[in-house]
>>> print(open('data.cif').read())   # mmCIF, N, CA and C atoms
data_coords
loop_
_atom_site.group_PDB
_atom_site.id
_atom_site.type_symbol
_atom_site.label_atom_id
_atom_site.label_comp_id
_atom_site.auth_asym_id
_atom_site.auth_seq_id
_atom_site.Cartn_x
_atom_site.Cartn_y
_atom_site.Cartn_z
ATOM 1 N N MET A 1 128.860 112.503 61.561
ATOM 2 C CA MET A 1 129.492 113.366 60.572
ATOM 3 C C MET A 1 130.978 113.022 60.483
ATOM 4 N N THR A 2 131.464 112.879 59.299
ATOM 5 C CA THR A 2 132.871 112.592 59.071
ATOM 6 C C THR A 2 133.546 113.867 58.569
ATOM 7 N N SER A 3 134.807 114.025 58.907
ATOM 8 C CA SER A 3 135.526 115.221 58.490
ATOM 9 C C SER A 3 136.907 114.836 57.999
ATOM 10 N N THR A 4 137.426 115.615 57.073
ATOM 11 C CA THR A 4 138.794 115.416 56.610
ATOM 12 C C THR A 4 139.744 116.347 57.357
ATOM 13 N N ASN A 5 139.208 117.167 58.259
ATOM 14 C CA ASN A 5 140.004 118.084 59.062
ATOM 15 C C ASN A 5 140.527 117.328 60.284
ATOM 16 N N PRO A 6 141.855 117.078 60.370
ATOM 17 C CA PRO A 6 142.392 116.300 61.490
ATOM 18 C C PRO A 6 142.075 116.898 62.863
ATOM 19 N N ALA A 7 142.101 118.216 62.971
ATOM 20 C CA ALA A 7 141.803 118.851 64.258
ATOM 21 C C ALA A 7 140.370 118.569 64.693
ATOM 22 N N GLU A 8 139.450 118.618 63.768
ATOM 23 C CA GLU A 8 138.053 118.349 64.097
ATOM 24 C C GLU A 8 137.861 116.883 64.483
ATOM 25 N N VAL A 9 138.490 115.984 63.759
ATOM 26 C CA VAL A 9 138.399 114.557 64.078
ATOM 27 C C VAL A 9 138.939 114.308 65.483
ATOM 28 N N PHE A 10 140.072 114.913 65.812
ATOM 29 C CA PHE A 10 140.682 114.773 67.123
ATOM 30 C C PHE A 10 139.739 115.304 68.202
ATOM 31 N N TYR A 11 139.184 116.480 67.971
ATOM 32 C CA TYR A 11 138.247 117.090 68.913
ATOM 33 C C TYR A 11 137.054 116.172 69.157
ATOM 34 N N ARG A 12 136.491 115.644 68.105
ATOM 35 C CA ARG A 12 135.318 114.770 68.234
ATOM 36 C C ARG A 12 135.650 113.485 68.996
ATOM 37 N N LYS A 13 136.851 112.959 68.801
ATOM 38 C CA LYS A 13 137.249 111.752 69.523
ATOM 39 C C LYS A 13 137.439 112.036 71.006
ATOM 40 N N LEU A 14 137.856 113.240 71.351
ATOM 41 C CA LEU A 14 138.063 113.590 72.756
ATOM 42 C C LEU A 14 136.756 113.789 73.515
ATOM 43 N N ARG A 15 135.747 114.250 72.823
ATOM 44 C CA ARG A 15 134.480 114.539 73.498
ATOM 45 C C ARG A 15 133.896 113.287 74.124
ATOM 46 N N THR A 16 133.433 113.440 75.341
ATOM 47 C CA THR A 16 132.815 112.315 76.030
ATOM 48 C C THR A 16 131.312 112.506 76.146
ATOM 49 N N SER A 17 130.832 113.656 75.703
ATOM 50 C CA SER A 17 129.400 113.920 75.738
ATOM 51 C C SER A 17 129.049 114.823 74.562
ATOM 52 N N LYS A 18 127.793 115.167 74.453
ATOM 53 C CA LYS A 18 127.349 116.016 73.345
ATOM 54 C C LYS A 18 127.597 117.497 73.623
ATOM 55 N N ARG A 19 128.122 117.819 74.772
ATOM 56 C CA ARG A 19 128.315 119.233 75.121
ATOM 57 C C ARG A 19 129.590 119.809 74.490
ATOM 58 N N TYR A 20 129.642 121.129 74.435
ATOM 59 C CA TYR A 20 130.799 121.854 73.925
ATOM 60 C C TYR A 20 131.920 121.792 74.954
ATOM 61 N N ILE A 21 133.170 121.612 74.519
ATOM 62 C CA ILE A 21 134.289 121.732 75.440
ATOM 63 C C ILE A 21 135.141 122.911 74.996
ATOM 64 N N GLY A 22 135.495 123.736 75.956
ATOM 65 C CA GLY A 22 136.297 124.927 75.684
ATOM 66 C C GLY A 22 137.769 124.594 75.512
ATOM 67 N N LYS A 23 138.552 125.609 75.154
ATOM 68 C CA LYS A 23 139.981 125.412 74.896
ATOM 69 C C LYS A 23 140.720 124.883 76.122
ATOM 70 N N GLY A 24 140.382 125.413 77.298
ATOM 71 C CA GLY A 24 141.062 124.987 78.521
ATOM 72 C C GLY A 24 140.822 123.519 78.828
ATOM 73 N N GLU A 25 139.569 123.106 78.737
ATOM 74 C CA GLU A 25 139.233 121.707 78.997
ATOM 75 C C GLU A 25 139.850 120.802 77.927
ATOM 76 N N PHE A 26 139.837 121.265 76.685
ATOM 77 C CA PHE A 26 140.440 120.514 75.588
ATOM 78 C C PHE A 26 141.932 120.308 75.855
ATOM 79 N N ALA A 27 142.626 121.377 76.237
ATOM 80 C CA ALA A 27 144.064 121.294 76.520
ATOM 81 C C ALA A 27 144.328 120.336 77.682
ATOM 82 N N HIS A 28 143.491 120.401 78.697
ATOM 83 C CA HIS A 28 143.635 119.513 79.848
ATOM 84 C C HIS A 28 143.446 118.053 79.430
ATOM 85 N N ASP A 29 142.430 117.787 78.635
ATOM 86 C CA ASP A 29 142.173 116.428 78.167
ATOM 87 C C ASP A 29 143.338 115.897 77.329
ATOM 88 N N VAL A 30 143.878 116.747 76.465
ATOM 89 C CA VAL A 30 145.024 116.341 75.646
ATOM 90 C C VAL A 30 146.222 116.041 76.543
ATOM 91 N N ALA A 31 146.479 116.902 77.522
ATOM 92 C CA ALA A 31 147.602 116.691 78.442
ATOM 93 C C ALA A 31 147.455 115.373 79.197
ATOM 94 N N GLU A 32 146.242 115.051 79.639
ATOM 95 C CA GLU A 32 146.014 113.782 80.335
ATOM 96 C C GLU A 32 146.280 112.583 79.426
ATOM 97 N N LEU A 33 145.855 112.676 78.175
ATOM 98 C CA LEU A 33 146.096 111.583 77.237
ATOM 99 C C LEU A 33 147.586 111.382 76.989
ATOM 100 N N ILE A 34 148.319 112.474 76.850
ATOM 101 C CA ILE A 34 149.765 112.385 76.629
ATOM 102 C C ILE A 34 150.441 111.796 77.868
ATOM 103 N N GLN A 35 150.043 112.279 79.045
ATOM 104 C CA GLN A 35 150.647 111.814 80.288
ATOM 105 C C GLN A 35 150.385 110.325 80.529
ATOM 106 N N SER A 36 149.268 109.827 80.037
ATOM 107 C CA SER A 36 148.936 108.414 80.241
ATOM 108 C C SER A 36 149.791 107.493 79.381
ATOM 109 N N GLY A 37 150.614 108.078 78.505
ATOM 110 C CA GLY A 37 151.550 107.284 77.722
ATOM 111 C C GLY A 37 151.065 106.916 76.329
ATOM 112 N N GLY A 38 149.943 107.441 75.934
ATOM 113 C CA GLY A 38 149.426 107.157 74.601
ATOM 114 C C GLY A 38 150.282 107.805 73.524
ATOM 115 N N ALA A 39 150.208 107.239 72.336
ATOM 116 C CA ALA A 39 150.940 107.817 71.205
ATOM 117 C C ALA A 39 150.364 109.185 70.889
ATOM 118 N N PHE A 40 151.229 110.113 70.576
ATOM 119 C CA PHE A 40 150.780 111.467 70.297
ATOM 120 C C PHE A 40 151.642 112.075 69.215
ATOM 121 N N LYS A 41 151.013 112.625 68.194
ATOM 122 C CA LYS A 41 151.720 113.331 67.126
ATOM 123 C C LYS A 41 151.063 114.690 66.979
ATOM 124 N N CYS A 42 151.874 115.673 66.694
ATOM 125 C CA CYS A 42 151.327 117.001 66.432
ATOM 126 C C CYS A 42 152.105 117.606 65.266
ATOM 127 N N PRO A 43 151.565 118.673 64.695
ATOM 128 C CA PRO A 43 152.257 119.319 63.574
ATOM 129 C C PRO A 43 153.657 119.793 63.986
ATOM 130 N N ALA A 44 154.564 119.799 63.038
ATOM 131 C CA ALA A 44 155.961 120.172 63.305
ATOM 132 C C ALA A 44 156.080 121.548 63.958
ATOM 133 N N TYR A 45 155.246 122.503 63.550
ATOM 134 C CA TYR A 45 155.357 123.843 64.128
ATOM 135 C C TYR A 45 155.009 123.832 65.613
ATOM 136 N N LEU A 46 154.097 122.957 66.039
ATOM 137 C CA LEU A 46 153.776 122.858 67.462
ATOM 138 C C LEU A 46 154.889 122.176 68.227
ATOM 139 N N THR A 47 155.487 121.149 67.633
ATOM 140 C CA THR A 47 156.619 120.477 68.256
ATOM 141 C C THR A 47 157.740 121.477 68.489
ATOM 142 N N GLN A 48 158.043 122.281 67.493
ATOM 143 C CA GLN A 48 159.108 123.284 67.613
ATOM 144 C C GLN A 48 158.774 124.313 68.679
ATOM 145 N N ALA A 49 157.524 124.752 68.736
ATOM 146 C CA ALA A 49 157.125 125.745 69.744
ATOM 147 C C ALA A 49 157.252 125.174 71.153
ATOM 148 N N ILE A 50 156.818 123.942 71.337
ATOM 149 C CA ILE A 50 156.891 123.311 72.654
ATOM 150 C C ILE A 50 158.341 123.103 73.071
ATOM 151 N N GLN A 51 159.164 122.615 72.135
ATOM 152 C CA GLN A 51 160.570 122.405 72.452
ATOM 153 C C GLN A 51 161.268 123.717 72.765
ATOM 154 N N SER A 52 160.944 124.784 72.057
ATOM 155 C CA SER A 52 161.531 126.100 72.326
ATOM 156 C C SER A 52 161.138 126.607 73.708
ATOM 157 N N ALA A 53 159.886 126.368 74.096
ATOM 158 C CA ALA A 53 159.397 126.825 75.392
ATOM 159 C C ALA A 53 160.046 126.057 76.540
ATOM 160 N N MET A 54 160.485 124.834 76.256
ATOM 161 C CA MET A 54 161.078 123.996 77.302
ATOM 162 C C MET A 54 162.559 124.305 77.535
ATOM 163 N N ARG A 55 163.167 125.097 76.677
ATOM 164 C CA ARG A 55 164.604 125.417 76.815
ATOM 165 C C ARG A 55 164.830 126.477 77.832
#
>>> encode(input="data.cif", output="structure tokens")
Amino acid sequence: MTSTNPAEVFYRKLRTSKRYIGKGEFAHDVAELIQSGGAFKCPAYLTQAIQSAMR
């Protein structure tokens, strides 16, 4: 199945099996990908929220 929803496409690429992954596991997987040095882009509102939380 193909989707034009970027969040869904991202979610599907992260999945390593046919099982459901919850928000916590999803967040952990994203954090590991970022930490490994891969390119990462997110919506501007998330960038602003993260930067605000880091101050």
>>> select_by_dssp(input="data.cif", residues="stretch 19-51 of chain A", states="helix (DSSP H, G or I)", output="ChimeraX atom specification")
/A:23-35,44-51
>>> atom_distance(input="data.cif", atom1="atom CA of A:Gln35", atom2="atom CA of A:Pro6")
21.0 Å
>>> atom_distance(input="data.cif", atom1="atom CA of A:Ala39", atom2="atom CA of A:Met54")
20.0 Å
>>> atom_distance(input="data.cif", atom1="atom N of A:Tyr11", atom2="atom N of A:Arg55")
26.9 Å
